[in-house]
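This report concerns only the one structure given below.
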Amino acid sequence: MDTQDPRRVGHVSRRDFIKTSASMTASAALLASGNYAHAQGTGRIRVGVVGCGGRGTGAAGDCANAAPGVEIVALGDLFPDRVNGAKARLAKDLGDKFKVTDDRVFTGFDAYKKVIGSGVDLVILATPPGFRPTHFRAAVEAGKHVFMEKPVAVDPEGVRSVIASSELATQKRLGVVAGTQRRHQAEYVATMQRIHEGAIGEIVAAQCYWNQGGLWMHTRKPEWSDMEWQVRNWLYFTWLSGDHIVEQHVHNLDVMNWALKAHPVKATGMGGRQSRTDPAYGHIYDHFAVEYEYPNGVRVQSMCRQISDTATRVGENLIGTKGTSNASGSIRGANPWRFDGKRTNPYVQEHTDLIESIRAGKPLNEGRQVAESTMVAVMGRMSAYTGKEVTWEQAMESKLNLMPEKLAFGALPVPPVAVPGKTPLV
């Protein structure tokens with residue numbers, strides 16, 4: 001399914017996957033079953049892709065090119081045109097690394113189950129993020145390694161589900177890497193190492209931004225049901241994307257967590273919908289500004305915007321007692337430094353790191369890490385939507401669940417635009 005990144009599921013209820021206590025009690029039985037994916041060595045790794053828009057197709061190519069012996073063997077998407085388009089593109093681009101036959105091409109709301117059950121070792125999860133907790137849970141329970149695009153949820157119930165699934169993945173020795181590619185980008189990794197070694201002293205404040213123009217929108221066709229229209233335009237519906245503070249700005253917020261080695265204790269935010277007034281653009285906001293308070297009183301100013309003909313600014317800035325850093329390759333102050341090492345494509349490197357960890361028998365697991373960064377974005381949205389201060393504990397204990405009770409083509413009313421002071425904090 002499309003996204004703004006050009007590189008880059010019959011009836012299903014996510015509530016079936018959030019009964020974490022029962023699933024964790026059953027984990028010993030799952031471990032005893034011996035249901036594991038490819039564990040280590042240099043043999044081939046068979047990859048299935050769930051979500052075949054721009055992001056999923058791009059991730060499939062990156063994964064196939066990340067290491068020798070990787071093959072794309074199964075594709076799944078809600079829509080036939082998406083999966084068929086991905087099949088044609090990947091067959092052309094990947095040559096003999098593409099091994100998808102017609103009997104391993106799946107469509108529908110349950111396509112993820114069929115991909116997971118098609119004999120793959122690793123699953124790429126790249127549908128709209130509202131589906132991610134359900135798909136991730138199913139992959140882990142089936143003993144599959146996972147690459148999942150960020151964000152990994154759109155609400156607190158989803159975040160809790162992902163954390164529980166990540167814990168199960170650790171028990172089952174499964175690799176889990178997320179699409180927060182800055183964590184695998186050489187410039188960021190080198191900079192963060194120096195920051196953690198004290199190059200800018202104690203961090204006392206920070207700012208992060210993702211301000212850009214507007215994004216794509218698919219004009220609704222008469223034959224589309226509410227459900228199809230919303231999924232094809234998933235960016236503009238909070239149950240699918242989490243709003244752009246979650247879907248996109250999570251990258252920058254993840255860097256804040258990484259630098260500070262913590263998550264915020266509270267958030268106070270505001271935002272609105274000044275440009276996206278046409279109902280064709282769903283009900284999400286077009287701008288947010290949030291102040292996050294981290295431990296020791298560190299304040300992070302967060303800002304994101306998607307409005308055409310406005311200034312663009314994407315990045316992070318860290319302020320310490322001995323200097324400052326842009327987090328992506330430079331430090332100013334008492335210990336000046338600039339990255340001059342080898343640069344690699346982080347979209348490929350994240351897959352390389354996952355595959356190497358699997359083959360070494362020491363699988364990476366970034367599940368909790370990306371779940372917490374997702375929650376930072378969610379609590380900022382919750383604060384902006386309601387006009388209330390939101391603590392980490394409130395967000396983690398919130399019963400907010402945005403997923404429809406039933407996933408099926410048909411009527412699906414669009415919730416009203418959130419109004420601070422009127423929209424309740426759940």
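Scheme for the structure tokens: letters A, B, ... for chains in order shown; per-chain residue numbers from 1; ligand numbers from 1 in order shown.
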
Just want the 12 Å neighbourhood of Lys266 of chain A, counted on only C-alpha atoms, with same-chain residues fewer than 2 positions away dropped. Output as a VMD selection string. chain A and resid 263 to 264 268 to 269 290 to 295 297 to 300 375 to 380 382 to 383 388 to 396

Report as CSV: every residue of segment 295-361 of chain A with an atom at most 12 Å from segment 47-56 of chain A, its closest pair of atoms, and their distance in Å to one decimal, counting only C-alpha atoms, with rows sorted by chain and ascending residue number.
residue,atom,partner,partner_atom,distance
A:Tyr347,CA,A:Arg55,CA,10.8
A:His351,CA,A:Val47,CA,11.5
A:Ile355,CA,A:Val47,CA,11.0

What's around Arg104 of chain A at 10 Å? Count only C-alpha atoms, leave out sequence neighbours fewer than 3 positions away in its own chain, and write the answer as a PyMOL selection string. chain A and resi 48+73-76+99-101+114-115+117-119

DSSP on the backbone: what in segment 156-342 of chain A comes out helix (DSSP H, G or I), as a ChimeraX atom specification? /A:156-171,181-184,186-196,226-232,234-236,238-241,244-247,250-260,279-281,295-297

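Distances from A:Gly333, A:Gly282, A:Gly143, A:Gly198 to Tyr236 of chain A were compared using only C-alpha atoms, and the smallest one belongs to A:Gly282.
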
Pick from A:Ala408, A:Asn401, A:Asn365, A:Thr219: nearest to Leu168 of chain A, with only C-alpha atoms counted? A:Asn365

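Counting only C-alpha atoms and comparing A:Ala199, A:Ala311, A:Ala206, A:Met227, the residue that lies closest to Asn335 of chain A is A:Ala199.
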
Just the residues within 7 Å of Val426 of chain A, please, counting only C-alpha atoms, with nothing from its chain fewer than 2 positions along; format it as a PDB file with N, CA and C atoms, in the first residue's frame.
ATOM      1  N   SER A 398      -3.985   3.581  29.068  1.00  0.00           N
ATOM      2  CA  SER A 398      -5.185   3.988  28.339  1.00  0.00           C
ATOM      3  C   SER A 398      -5.856   2.798  27.661  1.00  0.00           C
ATOM      4  N   LYS A 399      -7.168   2.814  27.626  1.00  0.00           N
ATOM      5  CA  LYS A 399      -7.925   1.756  26.960  1.00  0.00           C
ATOM      6  C   LYS A 399      -8.272   2.126  25.520  1.00  0.00           C
ATOM      7  N   LEU A 400      -7.677   3.194  25.023  1.00  0.00           N
ATOM      8  CA  LEU A 400      -7.962   3.635  23.656  1.00  0.00           C
ATOM      9  C   LEU A 400      -7.593   2.554  22.656  1.00  0.00           C
ATOM     10  N   PRO A 424     -12.577  13.705  24.502  1.00  0.00           N
ATOM     11  CA  PRO A 424     -12.172  13.192  25.823  1.00  0.00           C
ATOM     12  C   PRO A 424     -10.855  12.432  25.770  1.00  0.00           C
TER      13      PRO A 424
END

For Ala64 of chain A: contacts at 9 Å, only C-alpha atoms, fewer than 3 positions along chain excluded, given as a list in words: Val47, Ala59, Ala60, Gly61, Ala67, Pro68, Gly69, Val70, Glu71, Ile72, Leu94, Lys97, Phe98, Val348 and His351 of chain A

Atom CA of Thr344 of chain A to atom CA of Met192 of chain A, distance in Å rounded to a single decimal: 16.6 Å

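Nearest residue to Ala178 of chain A, choosing from A:Val162, A:Met403, A:Val370, A:Ala327 and counting only C-alpha atoms: A:Val370.
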
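Each of A:Ala139, A:Ala111, A:Val176, A:Leu235 was checked against Glu350 of chain A using only C-alpha atoms; the smallest atom-to-atom distance is that of A:Val176.
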
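Here the question is which of A:Tyr188, A:Trp229, A:Trp216, A:Tyr385 gets nearest to Ser308 of chain A using only C-alpha atoms, and that residue is A:Trp216.
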
Which residues are close to Thr238 of chain A, i.e. within 9 Å by only C-alpha atoms, leaving aside same-chain residues fewer than 2 positions away? Reply as a ChimeraX atom specification. /A:130,154,234-236,240-244,282-284,402

Using the selection just defined, write its residues with C-alpha atoms as a compact mmCIF listing (two decimals), in the first residue's frame.
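out_0.txt, freshly written:
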# COMPACT_ATOMS: atom_id res chain seq x y z
CA GLY A 130 -3.08 -0.01 12.34
CA VAL A 154 -1.62 3.60 16.42
CA TRP A 234 -4.67 5.28 4.94
CA LEU A 235 -2.50 8.27 5.78
CA TYR A 236 -5.59 10.37 6.52
CA LEU A 240 -4.78 3.28 10.08
CA SER A 241 -1.87 5.73 10.36
CA GLY A 242 -2.04 7.15 13.86
CA ASP A 243 -1.96 10.64 12.27
CA HIS A 244 1.25 11.99 10.80
CA GLY A 282 -10.04 12.15 6.23
CA HIS A 283 -9.96 13.57 9.75
CA ILE A 284 -6.29 13.87 10.77
CA LEU A 402 -8.96 2.66 17.32

Can you tell me, as a PyMOL selection string, what residues are no more than 9 Å from segment 330-332 of chain A when counting only C-alpha atoms, ignoring any on the same chain fewer than 5 positions away? chain A and resi 187+191+194-195+199-200+322-325+337-339

Determine, using only C-alpha atoms, which residues of segment 162-181 of chain A have any atom at most 12 Å from an atom of segment 249-257 of chain A, and tabulate each with its shortest atom pair and distance in Å to one decimal place, rows ordered by chain and then rising number, as a tab-separated table.
residue	atom	partner	partner_atom	distance
A:Ala178	CA	A:His251	CA	10.9
A:Gly179	CA	A:His251	CA	8.9
A:Thr180	CA	A:His251	CA	6.0
A:Gln181	CA	A:His251	CA	8.2

Kindly export the residues of the current selection with C-alpha atoms, as an mmCIF file, in the first residue's frame.
data_model
loop_
_atom_site.group_PDB
_atom_site.id
_atom_site.type_symbol
_atom_site.label_atom_id
_atom_site.label_comp_id
_atom_site.auth_asym_id
_atom_site.auth_seq_id
_atom_site.Cartn_x
_atom_site.Cartn_y
_atom_site.Cartn_z
ATOM 1 C CA ALA A 178 11.978 -2.036 12.694
ATOM 2 C CA GLY A 179 12.031 0.550 9.929
ATOM 3 C CA THR A 180 13.567 3.232 12.163
ATOM 4 C CA GLN A 181 16.537 3.279 9.833
#

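Across the model, the gap from atom CA of Trp239 of chain A to atom CA of Gln301 of chain A is 25.4 Å.
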